[in-house]
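Working notes, structure below.
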Amino acid sequence: MKPGPGLFITALLWLVLAAAAYFFPVLDIVWIYAGLLLIFTAALDFLVLYFLCDRLEVKREIQPILSQGNNAVVKLTIHCKNSAAGSGFFIIPFKIRIFDLYPVSMELTARPSAGDGKTGRVFPVTLDRRLLQKGRAAADYEYSVTPTERGLWSFGGTQLLLSSACRFWELKVSHKCESSGRTYPDFKKLKAGADLRGLLERTGVKNIRRRGQGMDFRSLRDYQDGDSIRDIDWRAVSRRPGIDGRLKLIVREYQEEQDQQVLFLLDSGYRLHKKETEGKRTQFDSALEAVLLLSWVSLKHGDSVAAASFGTGANSAGGAANNDGTLGTDTSRWIFAGKGMAAFPRLMNGLYDLKSSPAPSSPFSCLEEALSKLKRRTFIILISNFREEDGESLSWILNRINRRHLLLLVSLMENDAQDIASRNPANADEALETAAAFSYLGSRRELYSKWEHQGLLTLEASAKNLPPALINRYLQVKRSGRL
């Protein structure tokens with residue numbers, strides 16, 4: 001309970017009357033009776049608000065599963081608590097203001113209020129008390145939120161500020177109508193990736209021709225014009241003569257090799273913690289969405305998918321294993337391999353709340369841990385931001401990885417360095433910065449060329465173009481038979 005604006009205004013007027021009574025003694029009696037009336041009215045107003053006003057109840061409705069960047073509607077239902085229950089004589093507060101304690105990971109969007117139909121500032125919102133009268137036991141108020149961060153979220157509750165009839169007092173009432181849920185990456189992109197044929201058209205994924213015979217046998221079919229003579233199955237031809245007694249050519253049809261294993265290693269340290277040029281997203285957010293999208297494609301191709309991250313915090317090997325096969329901490333995870341589309345929800349639940357941090361990360365340690373856990377040949381995709389010093393620090397582990405597995409080193413472009421290198425310097429300081437940017441980018445290209453000569457696969461792409469570029473390389477590896 002706290003004094004309201006009406007009490008301050010009335011007390012100020014009473015003091016003005018006291019000043020007037022100082023100069024005009026005839027007003028002394030008026031000032032005294034006015035003070036007594038003010039005390040009596042304030043006391044009565046206090047008692048009515050504290051003992052006779054309904055405290056109300058609040059119920060919140062919001063979907064527990066939200067998508068990052070997409071609006072979600074929150075519905076607040078305010079209804080009478082004591083009046084509806086018939087417990088004694090209670091009146092509805094004369095002014096009701098609502099404060100909903102929404103999570104900091106969400107942004108508010110104004111929506112029309114059920115009380116006055118106006119738009120503008122979402123909170124505090126004033127509820128029309130007439131909606132709780134005339135036989136109506138509840139009033140609804142809706143507003144929308146936009147989740148800006150992935151992970152768990154929770155509403156702390158709702159607070160109501162109830163005012164007395166004379167606006168002398170205000171009573172704050174807190175309701176623990178807690179709501180919690182999860183925010184996942186944008187489902188629209190992942191659903192778009194469900195139809196691989198549509199994905200190839202929308203994201204510019206190239207259709208790479210099959211090279212060689214490193215494919216799994218699929219079925220036999222009749223020979224058609226354009227089929228390779230090497231695909232003819234002469235044994236099947238000899239067993240299936242035509243109706244007229246002539247031999248009918250049969251060819252063996254192949255499909256891409258399945259039941260292979262793909263492992264994603266995602267850097268959650270300082271290397272990908274850099275903000276993108278647009279909005280609040282980091283390079284890590286784009287990389288994580290690319291991993292989830294390619295995981296969907298890999299599972300649809302019949303491969304098994306595992307994922308891990310390395311960054312700050314305890315080593316993932318020292319974390320506790322969850323029931324869903326996830327091992328690790330907030331920034332270091334290890335999700336064991338799963339096959340089939342049923343494994344995608346487990347992969348999503350293991351990565352949706354993963355975040356990057358501005359702390360050191362070690363690709364060497366992550367690759368060393370992967371070597372100790374992998375028992376079969378695996379296509380390892382390591383996503384980070386590699387620089388010149390990584391050439392020496394990773395030389396030993398890369399040779400060991402390359403003998404047993406197929407490794408793709410993915411590095412995200414640094415737009416700031418490219419912008420500095422491409423600008424026209426206006427003075428000597430800018431010329432030095434441009435030269436340094438040229439040297440830095442050149443050393444990166446030399447490092448990638450060195451790895452390519454060693455038989456490793458490399459890929460450098462911007463955060464925006466990472467998903468189609470990564471899928472292109474995956475399909476190229478699948479159809480080349482290198483696994």
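Within each chain, counting starts at residue 1; across the structure tokens, chains are named A, B, ... in the order shown, with ligands numbered 1 upward in that order.
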
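Residues within 10 Å of Glu276 (chain A), counting only C-alpha atoms and excluding same-chain residues fewer than 2 positions away, are Leu272, His273, Lys274, Glu278, Gly279, Lys280, Arg281, Thr282, Gln283, Phe284, Asp285, Ser286, Glu414, Asn415, Asp416, Ala463 and Lys464 of chain A.
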
File of the preceding selection, C-alpha atoms, as a short mmCIF file (atom, residue, chain, number, x, y, z; two decimals), in the first residue's frame:
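This is the output file selection-v1.cif:
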data_model
loop_
_atom_site.label_atom_id
_atom_site.label_comp_id
_atom_site.auth_asym_id
_atom_site.auth_seq_id
_atom_site.Cartn_x
_atom_site.Cartn_y
_atom_site.Cartn_z
CA LEU A 272 32.03 -17.33 -33.58
CA HIS A 273 30.80 -14.98 -30.87
CA LYS A 274 31.09 -11.98 -33.16
CA GLU A 278 22.35 -7.08 -39.04
CA GLY A 279 20.55 -7.26 -35.71
CA LYS A 280 21.67 -8.98 -32.54
CA ARG A 281 22.50 -12.37 -34.06
CA THR A 282 25.98 -13.80 -33.80
CA GLN A 283 27.86 -15.94 -36.28
CA PHE A 284 27.28 -18.83 -33.91
CA ASP A 285 23.50 -18.52 -34.36
CA SER A 286 23.84 -18.82 -38.14
CA GLU A 414 35.16 -11.92 -41.43
CA ASN A 415 33.17 -9.17 -43.09
CA ASP A 416 34.97 -6.36 -41.26
CA ALA A 463 27.15 -16.55 -42.21
CA LYS A 464 24.28 -15.80 -44.59
#

Leaving out region 66-78 of chain A and any residue of its chain fewer than 2 positions from it, which residues lie within 6 Å of it when counting only C-alpha atoms, given as a ChimeraX atom specification? /A:57-62,138-148,183-186

For those residues, write C-alpha atoms to a file as a PDB file, in the first residue's frame.
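Output file selection_37.pdb is given in full below:
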ATOM      1  CA  GLU A  57      -6.997 -13.337 -10.159  1.00  0.00           C
ATOM      2  CA  VAL A  58      -4.882 -13.524 -13.310  1.00  0.00           C
ATOM      3  CA  LYS A  59      -4.371 -16.415 -15.703  1.00  0.00           C
ATOM      4  CA  ARG A  60      -1.861 -16.354 -18.568  1.00  0.00           C
ATOM      5  CA  GLU A  61      -2.014 -18.380 -21.764  1.00  0.00           C
ATOM      6  CA  ILE A  62       0.985 -18.785 -24.067  1.00  0.00           C
ATOM      7  CA  ALA A 138     -13.596 -12.043 -16.591  1.00  0.00           C
ATOM      8  CA  ALA A 139     -11.783  -9.656 -18.922  1.00  0.00           C
ATOM      9  CA  ASP A 140      -9.125 -10.535 -21.476  1.00  0.00           C
ATOM     10  CA  TYR A 141      -6.066  -8.624 -22.600  1.00  0.00           C
ATOM     11  CA  GLU A 142      -3.765  -9.776 -25.381  1.00  0.00           C
ATOM     12  CA  TYR A 143      -0.332  -8.666 -26.458  1.00  0.00           C
ATOM     13  CA  SER A 144       2.414 -10.232 -28.530  1.00  0.00           C
ATOM     14  CA  VAL A 145       6.053 -11.010 -27.797  1.00  0.00           C
ATOM     15  CA  THR A 146       8.950 -11.814 -30.117  1.00  0.00           C
ATOM     16  CA  PRO A 147      11.583 -14.217 -28.751  1.00  0.00           C
ATOM     17  CA  THR A 148      15.020 -12.876 -29.615  1.00  0.00           C
ATOM     18  CA  THR A 183      12.457 -21.067 -27.740  1.00  0.00           C
ATOM     19  CA  TYR A 184      13.820 -23.047 -30.680  1.00  0.00           C
ATOM     20  CA  PRO A 185      15.567 -21.816 -33.819  1.00  0.00           C
ATOM     21  CA  ASP A 186      13.341 -20.638 -36.638  1.00  0.00           C
TER      22      ASP A 186
END

Among A:Phe94, A:Trp14, A:Phe438, A:Tyr474, Ala421 (chain A) is approached most closely, using only C-alpha atoms, by A:Phe438

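Between CA of Ala436 (chain A) and CA of Glu389 (chain A) there is a distance of 15.9 Å.
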
All alpha helix (DSSP H) positions in region 321-456 of chain A, as a ChimeraX atom specification: /A:343-351,363-373,390-393,395-404,415-422,428-453

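Using only C-alpha atoms, the shortest contact distance between Lys339 (chain A) and any of A:Glu392, A:Asp259, A:Asp28, A:Glu368 is found at A:Asp259.
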
Apply DSSP to the backbone of this structure and, from region 323-425 of chain A, keep only the residues in strand (DSSP E); write these as a ChimeraX atom specification. /A:326-328,333-339,379-384,406-412

What is the CA of Phe264 (chain A)-CA of Leu367 (chain A) distance in Å, reported with one decimal? 10.8 Å

Could you give me, as a PDB file with N, CA and C atoms, in the first residue's frame, the residues within 6 Å of Asp54 (chain A), counting only C-alpha atoms and dropping anything in the same chain fewer than 5 positions from it?
ATOM      1  N   PHE A  90     -17.726  -7.823  -1.651  1.00  0.00           N
ATOM      2  CA  PHE A  90     -16.503  -7.259  -2.183  1.00  0.00           C
ATOM      3  C   PHE A  90     -16.841  -6.410  -3.401  1.00  0.00           C
ATOM      4  N   ILE A  91     -16.072  -5.351  -3.578  1.00  0.00           N
ATOM      5  CA  ILE A  91     -16.295  -4.476  -4.715  1.00  0.00           C
ATOM      6  C   ILE A  91     -15.080  -4.545  -5.638  1.00  0.00           C
ATOM      7  N   ILE A  92     -15.300  -4.183  -6.878  1.00  0.00           N
ATOM      8  CA  ILE A  92     -14.226  -4.199  -7.870  1.00  0.00           C
ATOM      9  C   ILE A  92     -13.390  -2.934  -7.703  1.00  0.00           C
TER      10      ILE A  92
END

What's around Leu371 (chain A) at 9 Å? Count only C-alpha atoms, leave out sequence neighbours fewer than 6 positions away in its own chain, and write the answer as a VMD selection string. chain A and resid 400 to 401 404

Take the residues from that selection and put them in a file with N, CA and C atoms, as a short mmCIF file (atom, residue, chain, number, x, y, z; two decimals), in the first residue's frame.
data_model
loop_
_atom_site.label_atom_id
_atom_site.label_comp_id
_atom_site.auth_asym_id
_atom_site.auth_seq_id
_atom_site.Cartn_x
_atom_site.Cartn_y
_atom_site.Cartn_z
N ARG A 400 46.37 -37.17 -38.10
CA ARG A 400 45.76 -38.37 -37.51
C ARG A 400 44.29 -38.49 -37.93
N ILE A 401 43.59 -37.37 -37.95
CA ILE A 401 42.18 -37.39 -38.35
C ILE A 401 42.06 -37.83 -39.80
N ARG A 404 42.05 -41.66 -40.66
CA ARG A 404 40.94 -42.52 -40.26
C ARG A 404 39.57 -41.99 -40.67
#

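Minimum distance to Met348 (chain A) across A:Ser295, A:Gln63, A:Ser164, A:Asn427 (counting only C-alpha atoms) occurs at A:Ser295.
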
Taking 3 positions as the minimum chain separation for residues in the same chain, which residues sit within 8 Å of region 469-472 of chain A when counting only C-alpha atoms? Answer as a PyMOL selection string. chain A and resi 205-206+290+294+297+459+461+465-466+475-476

Distance query region 249-252 of chain A at most 8 Å, only C-alpha atoms, self and fewer than 4 positions along chain excluded, as a PyMOL selection string: chain A and resi 217-223+227+231-234+236-237

Output N, CA and C atoms for every residue in that selection, as a tab-separated table (two decimals), in the first residue's frame.
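Everything below was put into result_17.tsv:
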chain	number	residue	atom	x	y	z
A	217	PHE	N	23.82	-50.44	-54.22
A	217	PHE	CA	22.88	-51.00	-55.18
A	217	PHE	C	21.45	-50.76	-54.71
A	218	ARG	N	20.60	-50.32	-55.67
A	218	ARG	CA	19.22	-50.02	-55.32
A	218	ARG	C	18.24	-51.03	-55.91
A	219	SER	N	18.26	-51.20	-57.24
A	219	SER	CA	17.31	-52.13	-57.87
A	219	SER	C	17.74	-52.38	-59.31
A	220	LEU	N	17.02	-53.29	-59.96
A	220	LEU	CA	17.20	-53.58	-61.38
A	220	LEU	C	16.05	-52.98	-62.16
A	221	ARG	N	16.34	-52.50	-63.35
A	221	ARG	CA	15.29	-51.94	-64.21
A	221	ARG	C	15.68	-52.15	-65.66
A	222	ASP	N	14.72	-51.90	-66.53
A	222	ASP	CA	14.97	-52.06	-67.96
A	222	ASP	C	15.93	-50.98	-68.46
A	223	TYR	N	16.67	-51.35	-69.45
A	223	TYR	CA	17.64	-50.42	-70.04
A	223	TYR	C	16.90	-49.29	-70.76
A	227	ASP	N	21.65	-44.79	-70.70
A	227	ASP	CA	22.26	-45.55	-69.61
A	227	ASP	C	23.65	-46.01	-70.01
A	231	ASP	N	26.68	-50.31	-66.57
A	231	ASP	CA	25.66	-50.63	-65.59
A	231	ASP	C	24.81	-51.82	-65.98
A	232	ILE	N	25.02	-52.39	-67.14
A	232	ILE	CA	24.22	-53.54	-67.57
A	232	ILE	C	24.59	-54.75	-66.73
A	233	ASP	N	23.59	-55.44	-66.19
A	233	ASP	CA	23.78	-56.67	-65.41
A	233	ASP	C	23.56	-57.85	-66.36
A	234	TRP	N	24.65	-58.43	-66.86
A	234	TRP	CA	24.55	-59.47	-67.89
A	234	TRP	C	23.97	-60.76	-67.31
A	236	ALA	N	21.56	-60.88	-65.05
A	236	ALA	CA	20.11	-60.68	-65.07
A	236	ALA	C	19.57	-60.73	-66.48
A	237	VAL	N	20.35	-60.25	-67.46
A	237	VAL	CA	19.91	-60.30	-68.86
A	237	VAL	C	19.74	-61.74	-69.31

Close residues, Ser361 (chain A) itself excluded, 10 Å, only C-alpha atoms, min 6 positions apart in chain, as a ChimeraX atom specification: /A:267-271,309-313,384

Store the residues picked out above, limited to C-alpha atoms, as a JSON list (two decimals), in the first residue's frame.
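Contents of again.json, freshly written:
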[["chain", "number", "residue", "atom", "x", "y", "z"],
["A", 267, "ASP", "CA", 32.85, -23.84, -31.91],
["A", 268, "SER", "CA", 30.96, -22.08, -29.10],
["A", 269, "GLY", "CA", 33.87, -19.90, -28.01],
["A", 270, "TYR", "CA", 35.07, -16.45, -28.99],
["A", 271, "ARG", "CA", 35.74, -17.35, -32.64],
["A", 309, "SER", "CA", 30.33, -28.25, -29.31],
["A", 310, "PHE", "CA", 33.43, -27.00, -27.60],
["A", 311, "GLY", "CA", 33.88, -23.79, -25.68],
["A", 312, "THR", "CA", 33.86, -22.42, -22.15],
["A", 313, "GLY", "CA", 32.93, -24.41, -19.09],
["A", 384, "SER", "CA", 34.92, -22.38, -36.54]]

Can you build me a table of region 140-188 of chain A residues sitting at most 12 Å from region 43-51 of chain A, with the closest atom pair per residue and its distance in Å to one decimal, using only C-alpha atoms, sorted by chain and residue number, as CSV?
residue,atom,partner,partner_atom,distance
A:Leu161,CA,A:Leu49,CA,11.5
A:Leu162,CA,A:Leu49,CA,8.1
A:Ser163,CA,A:Leu49,CA,7.5
A:Ser164,CA,A:Leu49,CA,5.4
A:Ala165,CA,A:Asp45,CA,6.7
A:Cys166,CA,A:Asp45,CA,6.7
A:Arg167,CA,A:Asp45,CA,8.4
A:Phe168,CA,A:Asp45,CA,6.9
A:Trp169,CA,A:Phe46,CA,6.4
A:Glu170,CA,A:Leu49,CA,8.2
A:Leu171,CA,A:Tyr50,CA,7.7
A:Lys172,CA,A:Tyr50,CA,10.6
A:Val173,CA,A:Tyr50,CA,11.0

Next, dump the selected residues to file, keeping only N, CA and C atoms, as a tab-separated table (two decimals), in the first residue's frame.
chain	number	residue	atom	x	y	z
A	161	LEU	N	-1.88	-3.11	-9.99
A	161	LEU	CA	-1.88	-1.90	-9.16
A	161	LEU	C	-3.32	-1.42	-9.06
A	162	LEU	N	-3.91	-1.60	-7.88
A	162	LEU	CA	-5.32	-1.28	-7.64
A	162	LEU	C	-5.42	0.07	-6.95
A	163	SER	N	-6.29	0.92	-7.45
A	163	SER	CA	-6.49	2.27	-6.89
A	163	SER	C	-7.81	2.36	-6.16
A	164	SER	N	-7.84	3.20	-5.13
A	164	SER	CA	-9.05	3.40	-4.34
A	164	SER	C	-10.00	4.34	-5.07
A	165	ALA	N	-11.19	4.53	-4.46
A	165	ALA	CA	-12.22	5.35	-5.12
A	165	ALA	C	-11.78	6.80	-5.26
A	166	CYS	N	-11.13	7.36	-4.26
A	166	CYS	CA	-10.70	8.76	-4.30
A	166	CYS	C	-9.28	8.91	-4.86
A	167	ARG	N	-8.67	7.80	-5.28
A	167	ARG	CA	-7.29	7.79	-5.79
A	167	ARG	C	-6.29	8.22	-4.72
A	168	PHE	N	-6.70	8.05	-3.42
A	168	PHE	CA	-5.78	8.40	-2.34
A	168	PHE	C	-4.74	7.31	-2.09
A	169	TRP	N	-5.07	6.06	-2.42
A	169	TRP	CA	-4.18	4.95	-2.11
A	169	TRP	C	-4.08	4.01	-3.31
A	170	GLU	N	-2.92	3.33	-3.37
A	170	GLU	CA	-2.69	2.34	-4.41
A	170	GLU	C	-2.14	1.07	-3.76
A	171	LEU	N	-2.72	-0.06	-4.13
A	171	LEU	CA	-2.35	-1.35	-3.56
A	171	LEU	C	-1.76	-2.24	-4.65
A	172	LYS	N	-0.52	-2.71	-4.45
A	172	LYS	CA	0.12	-3.60	-5.42
A	172	LYS	C	-0.12	-5.05	-5.02
A	173	VAL	N	-0.66	-5.81	-5.96
A	173	VAL	CA	-0.98	-7.22	-5.73
A	173	VAL	C	-0.18	-8.05	-6.74

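Of the residues listed (A:Asn424, A:Gln454, A:Asn349, A:Gln224), A:Gln454 shows the shortest atom-to-atom separation from Asn399 (chain A); distances use only C-alpha atoms.
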
State, in Å with one decimal place, the distance from CA of Val262 (chain A) to CA of Tyr352 (chain A). 18.9 Å

Between A:Pro363, A:Pro425, A:Gly338, A:Pro467, which has the minimum distance to Ile397 (chain A) (counting only C-alpha atoms)? A:Pro363

Pick the closest to Ser356 (chain A) from A:Leu382, A:Ala287, A:Ala435, A:Ala370: which is it, counting only C-alpha atoms? A:Ala287
